[in-house]
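The data block below is upload_39.cif; it holds mmCIF, C-alpha atoms and all ligand atoms.
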data_protein
#
loop_
_atom_site.group_PDB
_atom_site.id
_atom_site.type_symbol
_atom_site.label_atom_id
_atom_site.label_comp_id
_atom_site.auth_asym_id
_atom_site.auth_seq_id
_atom_site.Cartn_x
_atom_site.Cartn_y
_atom_site.Cartn_z
ATOM 1 C CA SER V 14 12.885 8.614 -11.890
ATOM 2 C CA GLU V 15 13.927 7.292 -8.475
ATOM 3 C CA SER V 16 12.636 10.389 -6.599
ATOM 4 C CA SER V 17 9.211 10.393 -8.286
ATOM 5 C CA ALA V 18 8.868 6.663 -7.511
ATOM 6 C CA LEU V 19 9.686 7.439 -3.876
ATOM 7 C CA LEU V 20 7.129 10.269 -3.771
ATOM 8 C CA PHE V 21 4.515 7.940 -5.254
ATOM 9 C CA TRP V 22 5.137 5.359 -2.517
ATOM 10 C CA GLN V 23 5.109 7.964 0.242
ATOM 11 C CA HIS V 24 1.798 9.303 -1.073
ATOM 12 C CA LEU V 25 0.203 5.852 -1.184
ATOM 13 C CA LEU V 26 1.404 4.949 2.282
ATOM 14 C CA ALA V 27 0.162 8.241 3.692
ATOM 15 C CA VAL V 28 -3.303 7.612 2.226
ATOM 16 C CA PHE V 29 -3.520 4.280 4.021
ATOM 17 C CA SER V 30 -1.563 5.544 7.082
ATOM 18 C CA LEU V 31 0.863 2.642 6.905
ATOM 19 C CA SER V 32 4.563 3.369 7.115
ATOM 20 C CA VAL V 33 7.129 1.307 5.200
ATOM 21 C CA ASP V 34 8.196 -0.021 8.586
ATOM 22 C CA ASP V 35 4.605 -1.190 9.241
ATOM 23 C CA LEU V 36 4.743 -3.150 5.970
ATOM 24 C CA LYS V 37 8.086 -4.678 6.926
ATOM 25 C CA LYS V 38 6.625 -5.746 10.270
ATOM 26 C CA ILE V 39 3.534 -7.274 8.605
ATOM 27 C CA ALA V 40 5.734 -9.370 6.267
ATOM 28 C CA ALA V 41 8.023 -10.398 9.144
ATOM 29 C CA TYR V 42 5.191 -11.512 11.442
ATOM 30 C CA LYS V 43 3.648 -13.521 8.602
ATOM 31 C CA ALA V 44 6.964 -15.324 8.029
ATOM 32 C CA VAL V 45 7.342 -16.168 11.718
ATOM 33 C CA GLU V 46 4.105 -18.207 11.424
ATOM 34 C CA HIS V 47 6.355 -20.788 9.687
ATOM 35 C CA VAL V 48 8.590 -21.147 12.761
ATOM 36 C CA LYS V 49 7.745 -24.264 14.775
ATOM 37 C CA SER V 50 9.108 -25.449 18.128
ATOM 38 C CA GLY V 51 12.354 -27.397 17.868
ATOM 39 C CA MET V 52 13.514 -25.707 14.652
ATOM 40 C CA VAL V 53 16.966 -24.420 13.777
ATOM 41 C CA VAL V 54 16.192 -20.950 12.413
ATOM 42 C CA GLY V 55 18.415 -18.679 10.312
ATOM 43 C CA LEU V 56 18.020 -15.131 11.613
ATOM 44 C CA GLY V 57 18.398 -12.485 8.895
ATOM 45 C CA THR V 58 19.823 -8.985 9.062
ATOM 46 C CA GLY V 59 18.293 -5.573 8.389
ATOM 47 C CA SER V 60 15.302 -3.490 9.385
ATOM 48 C CA THR V 61 12.778 -6.097 8.125
ATOM 49 C CA ALA V 62 14.495 -9.166 9.585
ATOM 50 C CA LYS V 63 14.820 -7.316 12.901
ATOM 51 C CA HIS V 64 11.022 -7.497 13.287
ATOM 52 C CA ALA V 65 11.116 -11.266 12.715
ATOM 53 C CA VAL V 66 13.775 -11.705 15.410
ATOM 54 C CA ASP V 67 11.717 -9.565 17.827
ATOM 55 C CA ARG V 68 8.634 -11.667 17.084
ATOM 56 C CA ILE V 69 10.434 -15.006 17.591
ATOM 57 C CA ALA V 70 11.775 -13.748 20.932
ATOM 58 C CA HIS V 71 8.282 -12.633 21.956
ATOM 59 C CA LEU V 72 6.775 -16.040 21.136
ATOM 60 C CA LEU V 73 9.611 -17.763 23.055
ATOM 61 C CA GLN V 74 8.982 -15.534 26.074
ATOM 62 C CA GLN V 75 5.269 -16.365 25.928
ATOM 63 C CA GLY V 76 6.068 -20.094 25.752
ATOM 64 C CA LYS V 77 4.294 -20.365 22.375
ATOM 65 C CA LEU V 78 7.592 -21.518 20.839
ATOM 66 C CA THR V 79 10.138 -23.752 22.575
ATOM 67 C CA ASP V 80 13.545 -25.288 21.790
ATOM 68 C CA ILE V 81 14.407 -22.817 19.042
ATOM 69 C CA VAL V 82 18.038 -22.499 18.020
ATOM 70 C CA GLY V 83 18.934 -19.384 16.024
ATOM 71 C CA ILE V 84 21.826 -18.984 13.585
ATOM 72 C CA ALA V 85 22.597 -15.281 13.231
ATOM 73 C CA THR V 86 23.630 -13.865 9.845
ATOM 74 C CA SER V 87 25.568 -10.909 11.307
ATOM 75 C CA MET V 88 27.065 -9.618 14.532
ATOM 76 C CA LYS V 89 24.222 -7.100 14.735
ATOM 77 C CA THR V 90 21.595 -9.844 14.641
ATOM 78 C CA HIS V 91 23.701 -11.945 17.022
ATOM 79 C CA ASP V 92 23.679 -9.070 19.527
ATOM 80 C CA GLN V 93 19.928 -8.490 19.090
ATOM 81 C CA ALA V 94 19.176 -12.204 19.600
ATOM 82 C CA VAL V 95 21.422 -12.419 22.677
ATOM 83 C CA SER V 96 19.776 -9.340 24.210
ATOM 84 C CA LEU V 97 16.338 -10.925 23.671
ATOM 85 C CA GLY V 98 17.375 -14.327 25.054
ATOM 86 C CA ILE V 99 17.158 -16.360 21.817
ATOM 87 C CA PRO V 100 19.514 -19.382 22.114
ATOM 88 C CA LEU V 101 22.126 -19.273 19.343
ATOM 89 C CA SER V 102 24.317 -21.778 17.595
ATOM 90 C CA ASP V 103 26.312 -21.913 14.344
ATOM 91 C CA LEU V 104 26.644 -23.896 11.124
ATOM 92 C CA ASP V 105 29.496 -25.994 12.550
ATOM 93 C CA THR V 106 27.119 -27.431 15.151
ATOM 94 C CA HIS V 107 23.931 -27.231 13.061
ATOM 95 C CA PRO V 108 24.932 -27.632 9.397
ATOM 96 C CA VAL V 109 21.306 -27.984 8.313
ATOM 97 C CA VAL V 110 18.997 -25.054 9.001
ATOM 98 C CA ASP V 111 15.232 -25.761 8.947
ATOM 99 C CA LEU V 112 14.055 -22.282 8.056
ATOM 100 C CA ALA V 113 15.737 -18.938 7.391
ATOM 101 C CA ILE V 114 13.902 -15.616 7.377
ATOM 102 C CA ASP V 115 15.565 -12.534 5.884
ATOM 103 C CA GLY V 116 14.894 -9.307 4.018
ATOM 104 C CA ALA V 117 16.204 -8.367 0.567
ATOM 105 C CA ASP V 118 17.090 -5.253 -1.402
ATOM 106 C CA GLU V 119 15.608 -6.462 -4.694
ATOM 107 C CA VAL V 120 13.385 -9.384 -5.695
ATOM 108 C CA ASP V 121 12.778 -10.374 -9.341
ATOM 109 C CA PRO V 122 9.789 -12.388 -10.690
ATOM 110 C CA ASP V 123 11.838 -15.648 -10.425
ATOM 111 C CA LEU V 124 12.567 -14.884 -6.740
ATOM 112 C CA ASN V 125 16.217 -14.073 -7.398
ATOM 113 C CA LEU V 126 17.475 -11.478 -4.954
ATOM 114 C CA VAL V 127 19.988 -8.722 -4.410
ATOM 115 C CA LYS V 128 21.122 -8.628 -0.797
ATOM 116 C CA GLY V 129 23.901 -6.995 1.146
ATOM 117 C CA ARG V 130 23.156 -3.290 1.089
ATOM 118 C CA GLY V 131 23.240 -3.782 4.865
ATOM 119 C CA GLY V 132 26.679 -5.369 4.496
ATOM 120 C CA SER V 133 25.964 -8.926 5.705
ATOM 121 C CA LEU V 134 25.742 -10.776 2.391
ATOM 122 C CA LEU V 135 28.461 -13.364 3.087
ATOM 123 C CA ARG V 136 27.079 -14.774 6.335
ATOM 124 C CA GLU V 137 23.550 -14.436 4.945
ATOM 125 C CA LYS V 138 24.474 -16.502 1.899
ATOM 126 C CA MET V 139 26.243 -19.124 4.028
ATOM 127 C CA VAL V 140 23.182 -19.578 6.247
ATOM 128 C CA GLU V 141 20.584 -19.226 3.488
ATOM 129 C CA SER V 142 22.261 -21.769 1.242
ATOM 130 C CA ALA V 143 22.258 -24.249 4.156
ATOM 131 C CA THR V 144 18.540 -23.991 4.855
ATOM 132 C CA THR V 145 15.714 -26.269 3.796
ATOM 133 C CA LYS V 146 13.309 -23.339 3.523
ATOM 134 C CA PHE V 147 14.269 -19.690 2.895
ATOM 135 C CA VAL V 148 11.422 -17.223 3.401
ATOM 136 C CA VAL V 149 12.170 -13.689 2.186
ATOM 137 C CA ILE V 150 10.280 -10.754 3.671
ATOM 138 C CA VAL V 151 9.919 -7.445 1.846
ATOM 139 C CA ASP V 152 7.700 -4.440 1.409
ATOM 140 C CA GLU V 153 6.519 -4.079 -2.181
ATOM 141 C CA SER V 154 9.044 -1.350 -3.065
ATOM 142 C CA LYS V 155 11.664 -4.134 -3.331
ATOM 143 C CA LEU V 156 10.045 -5.819 -6.353
ATOM 144 C CA VAL V 157 11.974 -5.299 -9.618
ATOM 145 C CA LYS V 158 11.829 -6.694 -13.160
ATOM 146 C CA HIS V 159 15.559 -7.470 -13.338
ATOM 147 C CA ILE V 160 17.916 -7.587 -10.396
ATOM 148 C CA GLY V 161 20.860 -5.250 -10.782
ATOM 149 C CA GLY V 162 18.776 -3.043 -13.038
ATOM 150 C CA SER V 163 17.317 -0.687 -10.425
ATOM 151 C CA GLY V 164 20.252 1.719 -10.541
ATOM 152 C CA LEU V 165 20.943 0.881 -6.885
ATOM 153 C CA ALA V 166 23.950 -0.955 -5.510
ATOM 154 C CA MET V 167 24.804 -4.600 -6.129
ATOM 155 C CA PRO V 168 27.315 -5.331 -3.364
ATOM 156 C CA VAL V 169 30.401 -7.525 -3.696
ATOM 157 C CA GLU V 170 32.526 -8.506 -0.678
ATOM 158 C CA ILE V 171 36.267 -8.489 -1.408
ATOM 159 C CA ILE V 172 39.440 -8.942 0.608
ATOM 160 C CA PRO V 173 41.108 -5.612 1.533
ATOM 161 C CA PHE V 174 44.436 -6.438 -0.227
ATOM 162 C CA CYS V 175 44.739 -4.242 -3.370
ATOM 163 C CA TRP V 176 41.026 -3.387 -3.278
ATOM 164 C CA SER V 177 41.385 -0.791 -6.013
ATOM 165 C CA HIS V 178 42.697 -3.468 -8.392
ATOM 166 C CA SER V 179 39.698 -5.709 -7.541
ATOM 167 C CA LEU V 180 37.338 -2.769 -8.102
ATOM 168 C CA LYS V 181 38.771 -2.185 -11.604
ATOM 169 C CA ARG V 182 38.552 -5.869 -12.510
ATOM 170 C CA LEU V 183 34.923 -6.017 -11.368
ATOM 171 C CA VAL V 184 33.993 -2.916 -13.361
ATOM 172 C CA ASN V 185 35.780 -4.271 -16.459
ATOM 173 C CA LEU V 186 33.729 -7.456 -16.291
ATOM 174 C CA PHE V 187 30.554 -5.425 -16.815
ATOM 175 C CA ALA V 188 31.832 -2.733 -19.185
ATOM 176 C CA ASP V 189 29.001 -3.578 -21.635
ATOM 177 C CA SER V 190 26.421 -2.846 -18.922
ATOM 178 C CA GLY V 191 27.760 0.646 -18.166
ATOM 179 C CA CYS V 192 29.101 -0.437 -14.785
ATOM 180 C CA GLU V 193 30.539 1.814 -12.108
ATOM 181 C CA GLY V 194 32.011 0.621 -8.824
ATOM 182 C CA LYS V 195 32.529 2.326 -5.491
ATOM 183 C CA LEU V 196 34.316 1.217 -2.360
ATOM 184 C CA ARG V 197 31.742 1.354 0.444
ATOM 185 C CA ARG V 198 32.467 3.839 3.224
ATOM 186 C CA ASP V 199 30.775 4.465 6.559
ATOM 187 C CA SER V 200 29.357 7.776 5.353
ATOM 188 C CA SER V 201 27.767 8.147 1.926
ATOM 189 C CA ASP V 202 29.647 11.394 1.034
ATOM 190 C CA GLY V 203 32.653 9.245 0.080
ATOM 191 C CA ASN V 204 34.884 10.692 2.826
ATOM 192 C CA GLY V 205 34.082 8.353 5.734
ATOM 193 C CA GLU V 206 36.158 5.455 7.001
ATOM 194 C CA ILE V 207 36.198 2.370 4.779
ATOM 195 C CA TYR V 208 33.284 0.113 5.712
ATOM 196 C CA VAL V 209 34.563 -3.203 7.139
ATOM 197 C CA THR V 210 32.316 -6.266 7.183
ATOM 198 C CA ASP V 211 31.905 -8.674 10.117
ATOM 199 C CA ASN V 212 34.498 -10.809 8.318
ATOM 200 C CA GLY V 213 37.127 -8.054 8.144
ATOM 201 C CA ASN V 214 36.549 -7.520 4.407
ATOM 202 C CA TYR V 215 35.568 -4.545 2.211
ATOM 203 C CA ILE V 216 32.531 -4.054 -0.021
ATOM 204 C CA ILE V 217 32.475 -2.779 -3.590
ATOM 205 C CA ASP V 218 29.052 -1.492 -4.638
ATOM 206 C CA LEU V 219 28.440 -2.010 -8.360
ATOM 207 C CA TYR V 220 25.974 0.171 -10.298
ATOM 208 C CA PHE V 221 24.747 -0.757 -13.765
ATOM 209 C CA GLU V 222 23.256 1.477 -16.464
ATOM 210 C CA ARG V 223 21.985 -1.513 -18.408
ATOM 211 C CA ASP V 224 20.808 -5.057 -17.729
ATOM 212 C CA ILE V 225 23.641 -7.416 -16.684
ATOM 213 C CA GLY V 226 22.245 -10.306 -18.740
ATOM 214 C CA ASP V 227 22.402 -13.913 -17.578
ATOM 215 C CA LEU V 228 22.671 -13.938 -13.783
ATOM 216 C CA ASN V 229 24.501 -17.261 -13.495
ATOM 217 C CA GLU V 230 27.107 -16.135 -16.016
ATOM 218 C CA ALA V 231 27.538 -12.848 -14.136
ATOM 219 C CA SER V 232 27.869 -14.745 -10.860
ATOM 220 C CA ASP V 233 30.483 -17.170 -12.246
ATOM 221 C CA ALA V 234 32.506 -14.337 -13.761
ATOM 222 C CA ILE V 235 32.592 -12.423 -10.454
ATOM 223 C CA LEU V 236 33.491 -15.465 -8.379
ATOM 224 C CA ARG V 237 36.324 -16.421 -10.782
ATOM 225 C CA LEU V 238 38.215 -13.220 -9.890
ATOM 226 C CA PRO V 239 40.856 -13.815 -7.202
ATOM 227 C CA GLY V 240 40.296 -11.548 -4.189
ATOM 228 C CA ILE V 241 36.517 -11.651 -4.505
ATOM 229 C CA VAL V 242 34.819 -13.374 -1.570
ATOM 230 C CA GLU V 243 31.092 -13.294 -2.471
ATOM 231 C CA HIS V 244 28.499 -11.207 -4.279
ATOM 232 C CA GLY V 245 25.005 -10.103 -3.314
ATOM 233 C CA MET V 246 23.053 -11.941 -6.024
ATOM 234 C CA PHE V 247 21.077 -14.750 -4.369
ATOM 235 C CA ILE V 248 20.108 -16.838 -7.390
ATOM 236 C CA GLY V 249 17.559 -19.601 -6.857
ATOM 237 C CA LEU V 250 17.919 -19.632 -3.072
ATOM 238 C CA ALA V 251 14.558 -18.211 -1.941
ATOM 239 C CA THR V 252 11.762 -20.732 -1.413
ATOM 240 C CA SER V 253 9.083 -18.082 -1.006
ATOM 241 C CA VAL V 254 8.788 -14.314 -0.767
ATOM 242 C CA ILE V 255 6.252 -12.588 1.463
ATOM 243 C CA VAL V 256 5.445 -9.157 0.068
ATOM 244 C CA ALA V 257 3.569 -6.638 2.190
ATOM 245 C CA GLY V 258 1.922 -3.783 0.326
ATOM 246 C CA VAL V 259 -0.753 -1.206 0.983
ATOM 247 C CA SER V 260 -3.331 -3.521 -0.558
ATOM 248 C CA GLY V 261 -2.343 -6.558 1.521
ATOM 249 C CA VAL V 262 0.097 -9.423 1.771
ATOM 250 C CA THR V 263 0.991 -11.689 -1.133
ATOM 251 C CA VAL V 264 3.136 -14.812 -1.013
ATOM 252 C CA LYS V 265 5.205 -15.701 -4.066
ATOM 253 C CA THR V 266 6.429 -19.275 -4.285
ATOM 254 C CA LYS V 267 8.605 -21.020 -6.840
HETATM 255 C C1 LIG L 301 21.657 -7.018 4.729
HETATM 256 C C2 LIG L 301 20.585 -7.378 3.771
HETATM 257 C C3 LIG L 301 19.197 -6.934 4.085
HETATM 258 O O1 LIG L 301 18.375 -8.056 4.179
HETATM 259 C C4 LIG L 301 18.718 -6.032 3.009
HETATM 260 O O2 LIG L 301 19.634 -4.967 2.904
HETATM 261 C C5 LIG L 301 17.306 -5.508 3.301
HETATM 262 O O3 LIG L 301 17.360 -4.665 4.401
HETATM 263 P P1 LIG L 301 16.065 -3.950 4.973
HETATM 264 O O4 LIG L 301 15.165 -5.013 5.497
HETATM 265 O O5 LIG L 301 16.608 -3.053 6.061
HETATM 266 O O6 LIG L 301 15.438 -3.169 3.856
HETATM 267 O O7 LIG L 301 20.794 -8.017 2.763
HETATM 268 O O8 LIG L 301 22.911 -7.444 4.271
#

This structure in structure tokens:
Amino acid sequence: SESSALLFWQHLLAVFSLSVDDLKKIAAYKAVEHVKSGMVVGLGTGSTAKHAVDRIAHLLQQGKLTDIVGIATSMKTHDQAVSLGIPLSDLDTHPVVDLAIDGADEVDPDLNLVKGRGGSLLREKMVESATTKFVVIVDESKLVKHIGGSGLAMPVEIIPFCWSHSLKRLVNLFADSGCEGKLRRDSSDGNGEIYVTDNGNYIIDLYFERDIGDLNEASDAILRLPGIVEHGMFIGLATSVIVAGVSGVTVKTK
């Protein structure tokens, strides 16, 4: 079960006195080794990507990196980068990104991802589909056999208009997979304010009891629904995944 898996991880980490955050930092620092002076760099969002942004800023301050231009994947990352003095631009000015570094919620053996539990999937996908190299950074708890099969959320960004109708249509698409959908709210008890993305949209979190089958077919079906903006499956976008675990760092490449 989910709680026994969590206990197992906590036990292992305690034995080696490494926190999950330590692992995230190890993966992030390893990825930043790929950043070279003069690059346009996609800056990811989340607790793992935050370490990469900190590290890039540190290397810039030390003069070990120069002429970096960052493209932030969320307002949160934008604000972090501005506060650390990382020069920023956007895809209008820099349509080709040299390298993007970001975390993920799930990673399958083919390097397909689920992203967006932090709510930034749309800008992340825009930046990470415009990059030459996309390095994903995770601790080993994010590795799964099939994405969407972990029992945790697969986020879909939708426009606010008639959100309940969009929720029903999404759930109906995956009726064979025992799908449930929930409108994301600011607090997890279901009573908080509706969560609003940086783009003024809402998020439906989909949960599946069974495998969703072919990922490209699932993606096409979701994107064909009017009112849907983007989903959190990142299929075939990652170039490599850096996984930090208690026994060390491994790099998975396509
Ligand atoms: C945000 C994301 C994050 O990359 C993902 O949720 C992983 O976050 P964390 O590094 O905090 O575990 O997709 O939209």

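Residues matched by the PyMOL selection byres (((chain V and resi 78-95) around 7) and not hetatm) in this file are Lys49, Ser50, Gly51, Met52, Val53, Val54, Gly55, Leu56, Gly57, Thr58, Val66, Leu72, Leu73, Gly76, Lys77, Ser96, Leu97, Gly98, Ile99, Pro100, Leu101, Ser102, Asp103, Ser133, Arg136, Glu137, Val140 and Asp211 of chain V.
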
Pick out the residues sitting within 6 Å of Ala40 of chain V, and hand them over as a PyMOL selection string; count only C-alpha atoms, and ignore anything fewer than 4 positions along from it in its own chain. chain V and resi 150+255+257

Expand the PyMOL selection byres (((not hetatm)) within 6 of (chain L and resi 301)) into the explicit residue set it covers here, and present it as a PDB file with C-alpha atoms, in the coordinates of the input.
ATOM      1  CA  THR V  58      19.823  -8.985   9.062  1.00  0.00           C
ATOM      2  CA  GLY V  59      18.293  -5.573   8.389  1.00  0.00           C
ATOM      3  CA  SER V  60      15.302  -3.490   9.385  1.00  0.00           C
ATOM      4  CA  THR V  61      12.778  -6.097   8.125  1.00  0.00           C
ATOM      5  CA  ALA V  62      14.495  -9.166   9.585  1.00  0.00           C
ATOM      6  CA  ASP V 115      15.565 -12.534   5.884  1.00  0.00           C
ATOM      7  CA  GLY V 116      14.894  -9.307   4.018  1.00  0.00           C
ATOM      8  CA  ALA V 117      16.204  -8.367   0.567  1.00  0.00           C
ATOM      9  CA  ASP V 118      17.090  -5.253  -1.402  1.00  0.00           C
ATOM     10  CA  LYS V 128      21.122  -8.628  -0.797  1.00  0.00           C
ATOM     11  CA  GLY V 129      23.901  -6.995   1.146  1.00  0.00           C
ATOM     12  CA  ARG V 130      23.156  -3.290   1.089  1.00  0.00           C
ATOM     13  CA  GLY V 131      23.240  -3.782   4.865  1.00  0.00           C
ATOM     14  CA  GLY V 132      26.679  -5.369   4.496  1.00  0.00           C
ATOM     15  CA  SER V 133      25.964  -8.926   5.705  1.00  0.00           C
ATOM     16  CA  LEU V 134      25.742 -10.776   2.391  1.00  0.00           C
TER      17      LEU V 134
END

Name the residues that the PyMOL selection byres (((chain V and resi 196) around 12) and not hetatm) picks from the file above, as a ChimeraX atom specification, using the file's chain letters and numbers. /V:166-173,175-181,183-184,193-195,197-209,214-220

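Here atom CA of Val48 of chain V stands at a distance of 16.4 Å from atom CA of Ala143 of chain V.
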
Atom CA of Gly191 of chain V and atom CA of Ile235 of chain V, how far apart in Å? 15.9 Å

Between atom CA of Val45 of chain V and atom CA of Val127 of chain V, what is the distance, to one decimal in Å? 21.8 Å

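Within 8 Å of Val264 of chain V, once all atoms listed in the file are used and residues closer than 5 positions along the same chain are dropped, the contacting residues are V:Ser253, V:Val254, V:Ile255, V:Val256.
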
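With all atoms listed in the file as the atoms that count, the minimum distance from Ala251 of chain V to the choices V:Leu236, V:Ala188, V:Ala113, V:Leu165 is reached by V:Ala113.
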